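All remarks here apply to the structure that follows.
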Amino acid sequence: MNARTASEPTTMKNRTTSERKSARELVVTRTINGPARIVFEAWTKPELFKQWWVPKSMGMSLRSCEMDVRVGGKYRLEFAHADSQSAFFGTYKEVTPHSRLVWTNEESDEGSVTTVTFAEKGGKTLLVMHELYPSKEALDAAGTGAADAMGETFEQLDELLVTLGASVGR
């Protein structure tokens with residue numbers, strides 16, 4: 001039997017599911033090992049968001065992360081991969097601390113509206129990320145690559161929450 005001390009952090013592997021709910025909708029769901037307050041902070045504080053958002057296996061970096069998390073506030077994420085750069089930006093439409101974020105993705109006319117909900121139960125958070133695209137073609141063009149990468153991304157979020165463990169419960 002493995003002995004584990006109380007001070008050693010543990011992460012439980014949670015399953016990330018991705019499902020096309022309709023021709024224009026993609027829903028990604030995962031239980032996150034942490035309270036909604038801390039999970040919400042990881043989504044809304046740039047210094048935390050930068051630590052987990054980009055899957056390490058993709059070889060990309062998040063060069064810049066600007067977030068004005070309030071209704072009408074803007075965000076801008078700038079990525080670098082090899083010799084290329086890209087930016088994603090939009091506007092926050094709804095901000096309900098610890099429970100809901102809604103933003104637009106305005107980098108093209110085919111950008112989605114993303115809604116993320118945070119529902120806490122027993123110290124864990126059920127996170128549901130819903131993306132609504134303007135057309136079936138826009139969702140098809142977006143592909144499943146980003147949704148497929150969310151499993152790794154959310155594992156990185158779980159790892160960050162372990163490192164923030166001292167903050168959990170404050």
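Letters for chains follow the order of the structure tokens (A, B, ...), residue numbers begin at 1 for each chain, and ligand numbers begin at 1 in the order shown.
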field: Polymer residues at most 8 Å from stretch 95-99 of chain A, only C-alpha atoms, same-chain spacing of 6 or more positions, as a ChimeraX atom specification
entry: /A:36-41,69-71,117-119
Selected residues, N, CA and C atoms, written as a compact mmCIF listing (two decimals), in the first residue's frame, please.
# COMPACT_ATOMS: atom_id res chain seq x y z
N ALA A 36 -15.89 26.51 -6.89
CA ALA A 36 -16.25 27.41 -8.00
C ALA A 36 -15.55 28.76 -7.89
N ARG A 37 -15.38 29.27 -6.69
CA ARG A 37 -14.73 30.58 -6.51
C ARG A 37 -13.33 30.58 -7.09
N ILE A 38 -12.56 29.53 -6.80
CA ILE A 38 -11.18 29.45 -7.28
C ILE A 38 -11.14 29.13 -8.77
N VAL A 39 -12.03 28.26 -9.25
CA VAL A 39 -12.07 27.94 -10.67
C VAL A 39 -12.42 29.19 -11.47
N PHE A 40 -13.39 29.96 -10.99
CA PHE A 40 -13.78 31.21 -11.64
C PHE A 40 -12.60 32.18 -11.70
N GLU A 41 -11.85 32.29 -10.62
CA GLU A 41 -10.67 33.15 -10.61
C GLU A 41 -9.65 32.71 -11.66
N VAL A 69 -12.69 41.77 -17.20
CA VAL A 69 -13.82 40.87 -16.95
C VAL A 69 -14.95 41.63 -16.24
N ARG A 70 -15.79 42.23 -17.07
CA ARG A 70 -17.01 42.91 -16.61
C ARG A 70 -17.91 43.00 -17.84
N VAL A 71 -19.21 43.18 -17.64
CA VAL A 71 -20.12 43.30 -18.77
C VAL A 71 -19.66 44.48 -19.62
N THR A 117 -20.35 27.88 -17.45
CA THR A 117 -21.01 27.87 -16.15
C THR A 117 -20.18 27.06 -15.16
N PHE A 118 -20.27 27.46 -13.90
CA PHE A 118 -19.49 26.86 -12.82
C PHE A 118 -20.50 26.47 -11.73
N ALA A 119 -20.74 25.19 -11.52
CA ALA A 119 -21.69 24.73 -10.50
C ALA A 119 -20.93 23.90 -9.47
query: Of the residues A:Glu131, A:Leu26, A:Glu94, A:Thr31, which is the one nearest to A:Asn14, using only C-alpha atoms?
result: A:Thr31
field: Residue set, chain A restricted to strand (DSSP E), as a count of residues only
entry: 66
Hey, could you make a per-residue contact list for stretch 10-33 of chain A against stretch 135-158 of chain A with 7 Å as the cut-off, showing the nearest pair of atoms and its distance in Å to one decimal, counting only C-alpha atoms, sorted by chain and number, as a tab-separated table?
residue	atom	partner	partner_atom	distance
A:Thr11	CA	A:Asp158	CA	6.9
A:Thr16	CA	A:Gly151	CA	5.3
A:Ser18	CA	A:Ala147	CA	6.3
A:Ala23	CA	A:Lys136	CA	4.9
A:Arg24	CA	A:Lys136	CA	4.8
A:Ile32	CA	A:Asp158	CA	6.3
A:Asn33	CA	A:Asp158	CA	6.0
message: Would you pick out the contacts of A:Leu132 at 9 Å or less, using only C-alpha atoms, so that residues sharing its chain but fewer than 5 positions from it are not included, and give the list as a list in words?
response: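 Counting only the stated atoms, we get Arg24, Glu25, Leu26, Val27, Gly111, Ser112, Val113, Thr114, Thr115 and Leu139 of chain A.
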field: One-decimal distance in Å that lies between atom CA of A:Met67 and atom CA of A:Thr44
entry: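 Taking atom CA of A:Thr44 and atom CA of A:Met67, their separation equals 7.1 Å.
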